[in-house]
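Below you'll find the structure, written out as C-alpha coordinates, and then a few comments.
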Amino acid sequence: MVAYFEEVSIDWVIEYIPAYASVTVFYDILKVSKQAEGQLPYDYVCDQLKVLLADVKVKEQIEPRVVDIPVCYGGEFGPDLEYVAEYNGLSTSKVIELHSNGDYLVYMLGFAPGFPFIGGMDQQIATPRQKSPRLKIPDGTVGIANNQTGVYPIETPGGWQLIGRTPLKLFKPEQSPPTLLQAGDKIKFKPISYDEFLEKEAEQ
(Lines give C-alpha, C1' and ligand atoms only; values in the text may rest on other atoms or scores of the structure.)
Protein backbone atom coordinates (compact mmCIF):
# COMPACT_ATOMS: atom_id res chain seq x y z
CA MET A 1 0.00 0.00 0.00
CA VAL A 2 2.72 2.47 1.01
CA ALA A 3 4.88 1.59 -2.00
CA TYR A 4 1.82 2.14 -4.20
CA PHE A 5 1.18 5.61 -2.74
CA GLU A 6 4.83 6.49 -3.40
CA GLU A 7 4.42 5.62 -7.09
CA VAL A 8 1.06 7.18 -7.91
CA SER A 9 -0.37 10.65 -7.50
CA ILE A 10 -3.91 10.83 -6.10
CA ASP A 11 -5.03 14.45 -6.06
CA TRP A 12 -7.11 14.17 -2.89
CA VAL A 13 -4.47 12.40 -0.79
CA ILE A 14 -2.68 14.85 1.51
CA GLU A 15 -0.53 12.37 3.41
CA TYR A 16 -0.34 8.71 4.36
CA ILE A 17 1.16 7.31 7.56
CA PRO A 18 2.08 3.63 7.84
CA ALA A 19 1.80 1.87 11.22
CA TYR A 20 2.34 -1.76 12.26
CA ALA A 21 -0.65 -3.21 10.43
CA SER A 22 -2.44 -0.23 8.91
CA VAL A 23 -2.01 2.94 6.86
CA THR A 24 -3.74 6.18 7.85
CA VAL A 25 -4.78 8.25 4.84
CA PHE A 26 -5.35 12.00 5.21
CA TYR A 27 -7.43 13.45 2.39
CA ASP A 28 -8.62 16.84 1.13
CA ILE A 29 -12.33 16.83 1.89
CA LEU A 30 -13.05 19.69 -0.51
CA LYS A 31 -11.49 17.88 -3.46
CA VAL A 32 -13.22 14.66 -2.50
CA SER A 33 -16.59 16.41 -2.18
CA LYS A 34 -16.31 17.67 -5.77
CA GLN A 35 -15.70 14.13 -7.05
CA ALA A 36 -18.03 12.21 -4.73
CA GLU A 37 -21.25 12.93 -6.70
CA GLY A 38 -23.62 12.75 -3.76
CA GLN A 39 -21.65 10.22 -1.74
CA LEU A 40 -20.36 11.09 1.69
CA PRO A 41 -16.64 11.97 1.35
CA TYR A 42 -15.58 9.19 3.72
CA ASP A 43 -17.58 6.56 1.81
CA TYR A 44 -16.17 7.79 -1.49
CA VAL A 45 -12.59 7.57 -0.20
CA CYS A 46 -13.20 4.05 1.13
CA ASP A 47 -14.65 2.94 -2.21
CA GLN A 48 -11.76 4.47 -4.16
CA LEU A 49 -9.16 2.87 -1.89
CA LYS A 50 -10.79 -0.53 -2.34
CA VAL A 51 -10.56 -0.12 -6.13
CA LEU A 52 -6.94 1.02 -5.91
CA LEU A 53 -5.97 -1.84 -3.61
CA ALA A 54 -7.55 -4.36 -5.96
CA ASP A 55 -5.10 -3.20 -8.65
CA VAL A 56 -1.99 -3.38 -6.47
CA LYS A 57 0.42 -6.00 -7.76
CA VAL A 58 2.89 -7.80 -5.51
CA LYS A 59 6.35 -6.79 -6.61
CA GLU A 60 9.73 -8.36 -6.17
CA GLN A 61 10.98 -8.33 -2.61
CA ILE A 62 13.17 -5.26 -2.22
CA GLU A 63 16.32 -5.69 -0.15
CA PRO A 64 15.95 -3.42 2.90
CA ARG A 65 18.38 -0.60 3.51
CA VAL A 66 20.81 -1.24 6.38
CA VAL A 67 21.61 1.76 8.60
CA ASP A 68 24.50 1.67 11.09
CA ILE A 69 23.79 3.58 14.29
CA PRO A 70 26.81 4.18 16.55
CA VAL A 71 25.90 4.18 20.25
CA CYS A 72 27.84 5.24 23.33
CA TYR A 73 26.31 3.05 26.03
CA GLY A 74 25.94 3.81 29.73
CA GLY A 75 27.25 6.71 31.81
CA GLU A 76 25.54 10.05 31.37
CA PHE A 77 24.13 8.85 28.03
CA GLY A 78 22.55 5.67 29.43
CA PRO A 79 21.41 6.26 33.01
CA ASP A 80 19.16 3.16 33.00
CA LEU A 81 21.70 0.68 31.64
CA GLU A 82 22.43 -0.70 35.10
CA TYR A 83 18.71 -1.03 35.86
CA VAL A 84 18.13 -2.97 32.62
CA ALA A 85 21.02 -5.26 33.55
CA GLU A 86 19.78 -5.77 37.12
CA TYR A 87 16.16 -6.33 36.01
CA ASN A 88 17.27 -9.10 33.67
CA GLY A 89 19.98 -10.60 35.88
CA LEU A 90 22.77 -9.65 33.48
CA SER A 91 25.96 -7.61 33.49
CA THR A 92 25.93 -4.23 31.76
CA SER A 93 28.47 -5.52 29.24
CA LYS A 94 26.11 -8.39 28.39
CA VAL A 95 23.23 -5.96 27.88
CA ILE A 96 25.41 -3.94 25.48
CA GLU A 97 26.46 -7.10 23.67
CA LEU A 98 22.87 -8.31 23.26
CA HIS A 99 21.53 -4.90 22.28
CA SER A 100 24.22 -4.28 19.67
CA ASN A 101 23.77 -7.71 18.09
CA GLY A 102 20.02 -7.69 17.52
CA ASP A 103 18.40 -8.38 14.16
CA TYR A 104 16.51 -5.11 13.97
CA LEU A 105 13.75 -3.81 11.73
CA VAL A 106 12.06 -0.38 11.80
CA TYR A 107 8.36 -1.17 11.92
CA MET A 108 7.05 2.38 11.94
CA LEU A 109 7.82 6.00 12.77
CA GLY A 110 5.67 7.76 15.32
CA PHE A 111 5.26 9.41 18.74
CA ALA A 112 7.71 12.16 17.67
CA PRO A 113 9.03 13.17 14.21
CA GLY A 114 11.32 10.38 13.06
CA PHE A 115 10.99 8.24 16.20
CA PRO A 116 11.59 4.63 15.06
CA PHE A 117 9.75 1.75 16.71
CA ILE A 118 12.32 -1.00 16.26
CA GLY A 119 11.56 -4.70 16.62
CA GLY A 120 13.93 -7.64 16.83
CA MET A 121 15.49 -6.96 20.21
CA ASP A 122 16.71 -9.94 22.24
CA GLN A 123 14.08 -10.91 24.84
CA GLN A 124 16.83 -11.30 27.42
CA ILE A 125 17.03 -7.51 27.78
CA ALA A 126 13.31 -6.68 27.52
CA THR A 127 12.45 -4.21 30.29
CA PRO A 128 9.20 -2.36 31.15
CA ARG A 129 8.88 1.38 30.69
CA GLN A 130 9.60 3.78 33.53
CA LYS A 131 6.71 4.11 36.00
CA SER A 132 6.96 7.90 35.67
CA PRO A 133 8.17 9.46 32.37
CA ARG A 134 11.09 11.87 32.34
CA LEU A 135 10.22 15.40 31.27
CA LYS A 136 13.26 15.81 28.99
CA ILE A 137 15.17 13.17 27.08
CA PRO A 138 17.98 14.46 24.80
CA ASP A 139 17.84 13.77 21.09
CA GLY A 140 19.81 10.71 20.04
CA THR A 141 19.05 8.81 23.24
CA VAL A 142 18.60 5.06 22.75
CA GLY A 143 15.97 3.39 24.90
CA ILE A 144 14.20 0.13 25.66
CA ALA A 145 10.48 -0.32 26.32
CA ASN A 146 9.31 -3.87 26.87
CA ASN A 147 10.50 -5.89 23.85
CA GLN A 148 11.25 -2.89 21.62
CA THR A 149 14.11 -0.46 21.26
CA GLY A 150 14.08 3.03 19.79
CA VAL A 151 16.00 6.28 19.37
CA TYR A 152 14.66 9.70 20.42
CA PRO A 153 15.08 11.97 17.37
CA ILE A 154 14.32 15.21 19.24
CA GLU A 155 14.34 16.31 22.88
CA THR A 156 11.04 15.18 24.30
CA PRO A 157 9.44 13.66 27.39
CA GLY A 158 9.44 9.88 27.48
CA GLY A 159 9.26 6.79 29.62
CA TRP A 160 11.67 4.38 27.97
CA GLN A 161 14.67 2.90 29.79
CA LEU A 162 17.68 4.90 28.56
CA ILE A 163 20.78 2.85 27.78
CA GLY A 164 22.90 5.02 25.49
CA ARG A 165 23.04 7.79 22.91
CA THR A 166 23.95 8.13 19.24
CA PRO A 167 25.66 11.21 17.79
CA LEU A 168 23.61 10.83 14.60
CA LYS A 169 20.79 13.28 13.94
CA LEU A 170 17.65 11.32 13.16
CA PHE A 171 15.50 14.35 12.37
CA LYS A 172 16.60 17.25 10.17
CA PRO A 173 13.50 19.23 9.13
CA GLU A 174 15.48 21.20 6.53
CA GLN A 175 16.26 18.04 4.56
CA SER A 176 14.07 15.88 2.32
CA PRO A 177 13.18 13.42 3.62
CA PRO A 178 13.63 14.96 7.08
CA THR A 179 14.05 11.60 8.84
CA LEU A 180 17.19 9.46 8.74
CA LEU A 181 15.21 6.24 9.14
CA GLN A 182 12.20 4.87 7.29
CA ALA A 183 9.84 1.98 7.96
CA GLY A 184 11.41 -1.19 6.58
CA ASP A 185 15.01 -0.21 7.33
CA LYS A 186 17.32 -2.69 9.00
CA ILE A 187 19.31 -1.31 11.94
CA LYS A 188 22.77 -2.20 13.19
CA PHE A 189 23.78 -0.67 16.53
CA LYS A 190 27.56 -0.22 16.87
CA PRO A 191 29.10 0.40 20.33
CA ILE A 192 31.48 3.38 20.40
CA SER A 193 33.55 5.13 23.08
CA TYR A 194 32.83 8.55 24.56
CA ASP A 195 35.67 10.11 22.51
CA GLU A 196 34.31 8.52 19.33
CA PHE A 197 30.89 9.92 20.21
CA LEU A 198 32.30 13.45 20.46
CA GLU A 199 34.15 13.07 17.16
CA LYS A 200 31.08 11.83 15.30
CA GLU A 201 28.86 14.45 16.94
CA ALA A 202 31.19 17.20 15.64
CA GLU A 203 30.74 15.82 12.10
CA GLN A 204 26.95 16.15 12.14
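Chain lettering (A, B, ...) mirrors the order of the C-alpha coordinates, residue numbering begins at 1 for each chain separately, and ligand numbering begins at 1 in order of display.
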
Mind checking which residues fall within 9 Å of range 129-145 of chain A, counting only C-alpha atoms, ignoring those fewer than 6 positions away in the same chain, and posting them as a PDB file with N, CA and C atoms, in the first residue's frame?
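The result, written out as selection_39.pdb:
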```pdb
ATOM      1  N   VAL A  71      26.491   3.888  18.939  1.00  0.00           N
ATOM      2  CA  VAL A  71      25.900   4.183  20.253  1.00  0.00           C
ATOM      3  C   VAL A  71      26.982   4.163  21.324  1.00  0.00           C
ATOM      4  N   TYR A  73      27.193   3.634  25.010  1.00  0.00           N
ATOM      5  CA  TYR A  73      26.313   3.045  26.025  1.00  0.00           C
ATOM      6  C   TYR A  73      26.715   3.473  27.438  1.00  0.00           C
ATOM      7  N   PHE A  77      24.988   9.074  29.193  1.00  0.00           N
ATOM      8  CA  PHE A  77      24.133   8.846  28.035  1.00  0.00           C
ATOM      9  C   PHE A  77      23.125   7.718  28.257  1.00  0.00           C
ATOM     10  N   GLY A  78      23.421   6.827  29.187  1.00  0.00           N
ATOM     11  CA  GLY A  78      22.551   5.674  29.428  1.00  0.00           C
ATOM     12  C   GLY A  78      22.310   5.438  30.898  1.00  0.00           C
ATOM     13  N   ASP A  80      19.945   4.338  32.583  1.00  0.00           N
ATOM     14  CA  ASP A  80      19.159   3.164  32.996  1.00  0.00           C
ATOM     15  C   ASP A  80      19.822   1.841  32.592  1.00  0.00           C
ATOM     16  N   VAL A  84      18.476  -1.934  33.605  1.00  0.00           N
ATOM     17  CA  VAL A  84      18.128  -2.968  32.620  1.00  0.00           C
ATOM     18  C   VAL A  84      18.901  -4.246  32.904  1.00  0.00           C
ATOM     19  N   VAL A 151      15.066   5.164  19.240  1.00  0.00           N
ATOM     20  CA  VAL A 151      16.002   6.282  19.374  1.00  0.00           C
ATOM     21  C   VAL A 151      15.195   7.573  19.349  1.00  0.00           C
ATOM     22  N   TYR A 152      15.369   8.417  20.369  1.00  0.00           N
ATOM     23  CA  TYR A 152      14.661   9.696  20.422  1.00  0.00           C
ATOM     24  C   TYR A 152      15.281  10.660  19.408  1.00  0.00           C
ATOM     25  N   PRO A 153      14.514  11.104  18.401  1.00  0.00           N
ATOM     26  CA  PRO A 153      15.077  11.970  17.370  1.00  0.00           C
ATOM     27  C   PRO A 153      15.148  13.447  17.772  1.00  0.00           C
ATOM     28  N   ILE A 154      14.322  13.834  18.737  1.00  0.00           N
ATOM     29  CA  ILE A 154      14.317  15.206  19.241  1.00  0.00           C
ATOM     30  C   ILE A 154      14.201  15.153  20.763  1.00  0.00           C
ATOM     31  N   GLU A 155      14.528  16.267  21.422  1.00  0.00           N
ATOM     32  CA  GLU A 155      14.344  16.311  22.877  1.00  0.00           C
ATOM     33  C   GLU A 155      12.851  16.289  23.179  1.00  0.00           C
ATOM     34  N   THR A 156      12.459  15.360  24.024  1.00  0.00           N
ATOM     35  CA  THR A 156      11.042  15.185  24.298  1.00  0.00           C
ATOM     36  C   THR A 156      10.863  14.428  25.611  1.00  0.00           C
ATOM     37  N   PRO A 157       9.706  14.538  26.254  1.00  0.00           N
ATOM     38  CA  PRO A 157       9.437  13.659  27.394  1.00  0.00           C
ATOM     39  C   PRO A 157       9.353  12.209  26.929  1.00  0.00           C
ATOM     40  N   GLY A 158       9.550  11.284  27.853  1.00  0.00           N
ATOM     41  CA  GLY A 158       9.445   9.876  27.476  1.00  0.00           C
ATOM     42  C   GLY A 158       9.666   8.954  28.647  1.00  0.00           C
ATOM     43  N   GLY A 159       9.183   7.730  28.522  1.00  0.00           N
ATOM     44  CA  GLY A 159       9.255   6.792  29.624  1.00  0.00           C
ATOM     45  C   GLY A 159      10.075   5.541  29.352  1.00  0.00           C
ATOM     46  N   TRP A 160      10.874   5.552  28.280  1.00  0.00           N
ATOM     47  CA  TRP A 160      11.674   4.375  27.972  1.00  0.00           C
ATOM     48  C   TRP A 160      12.896   4.302  28.877  1.00  0.00           C
ATOM     49  N   GLN A 161      13.440   3.101  29.033  1.00  0.00           N
ATOM     50  CA  GLN A 161      14.675   2.904  29.792  1.00  0.00           C
ATOM     51  C   GLN A 161      15.854   3.332  28.912  1.00  0.00           C
ATOM     52  N   LEU A 162      16.638   4.283  29.382  1.00  0.00           N
ATOM     53  CA  LEU A 162      17.681   4.897  28.560  1.00  0.00           C
ATOM     54  C   LEU A 162      19.011   4.181  28.763  1.00  0.00           C
ATOM     55  N   ILE A 163      19.554   3.662  27.653  1.00  0.00           N
ATOM     56  CA  ILE A 163      20.777   2.854  27.785  1.00  0.00           C
ATOM     57  C   ILE A 163      21.983   3.433  27.040  1.00  0.00           C
ATOM     58  N   GLY A 164      21.782   4.456  26.225  1.00  0.00           N
ATOM     59  CA  GLY A 164      22.904   5.024  25.491  1.00  0.00           C
ATOM     60  C   GLY A 164      22.457   6.178  24.618  1.00  0.00           C
ATOM     61  N   ARG A 165      23.389   6.679  23.805  1.00  0.00           N
ATOM     62  CA  ARG A 165      23.045   7.787  22.907  1.00  0.00           C
ATOM     63  C   ARG A 165      23.874   7.685  21.627  1.00  0.00           C
ATOM     64  N   THR A 166      23.252   8.075  20.523  1.00  0.00           N
ATOM     65  CA  THR A 166      23.953   8.131  19.243  1.00  0.00           C
ATOM     66  C   THR A 166      24.237   9.579  18.878  1.00  0.00           C
ATOM     67  N   PRO A 167      25.377   9.845  18.251  1.00  0.00           N
ATOM     68  CA  PRO A 167      25.656  11.211  17.791  1.00  0.00           C
ATOM     69  C   PRO A 167      24.927  11.558  16.498  1.00  0.00           C
ATOM     70  N   LEU A 168      24.321  10.567  15.841  1.00  0.00           N
ATOM     71  CA  LEU A 168      23.613  10.835  14.596  1.00  0.00           C
ATOM     72  C   LEU A 168      22.353  11.657  14.841  1.00  0.00           C
ATOM     73  N   LYS A 169      22.013  12.504  13.891  1.00  0.00           N
ATOM     74  CA  LYS A 169      20.792  13.284  13.941  1.00  0.00           C
ATOM     75  C   LYS A 169      19.716  12.550  13.140  1.00  0.00           C
ATOM     76  N   LEU A 170      18.697  12.093  13.829  1.00  0.00           N
ATOM     77  CA  LEU A 170      17.649  11.320  13.163  1.00  0.00           C
ATOM     78  C   LEU A 170      16.590  12.202  12.516  1.00  0.00           C
TER      79      LEU A 170
END
```

*Residues within 10 Å of range 99-103 of chain A, only C-alpha atoms, excluding chain neighbours under 3 positions, as a PyMOL selection string*: chain A and resi 69-71+73+93-96+118-126+144+149+163+186-191

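The nearest approach to Glu63 in chain A among the residues A:Ser193, A:Phe111, A:Asp185, A:Asp43, with only C-alpha atoms taken into account, belongs to A:Asp185.
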
*Which of range 1-200 of chain A counts as alpha helix (DSSP H) under DSSP, as a ChimeraX atom specification please?*
/A:2-7,29-36,41-54,81-87,92-99,194-200

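With only C-alpha atoms as the atoms that count, the minimum distance from Thr179 in chain A to the choices A:Gly114, A:Ala54, A:Gly38, A:Asp11 is reached by A:Gly114.
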
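Atom pair CA of Ala112 in chain A / CA of Lys172 in chain A: separated by 12.7 Å.
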
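The residue that comes closest to Pro113 in chain A, out of A:Ile17, A:Leu90, A:Val45, A:Val32 and on the basis of only C-alpha atoms, is A:Ile17.
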
*List every residue of range 55-172 of chain A that DSSP, applied to the backbone of this structure, places in strand (DSSP E), and write the result as number ranges by chain.*
A: 66-73, 104-109, 116-119, 134-137, 141-145, 148-151, 156-158, 161-165

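In this structure, CA of Tyr104 in chain A sits 9.5 Å away from CA of Val66 in chain A.
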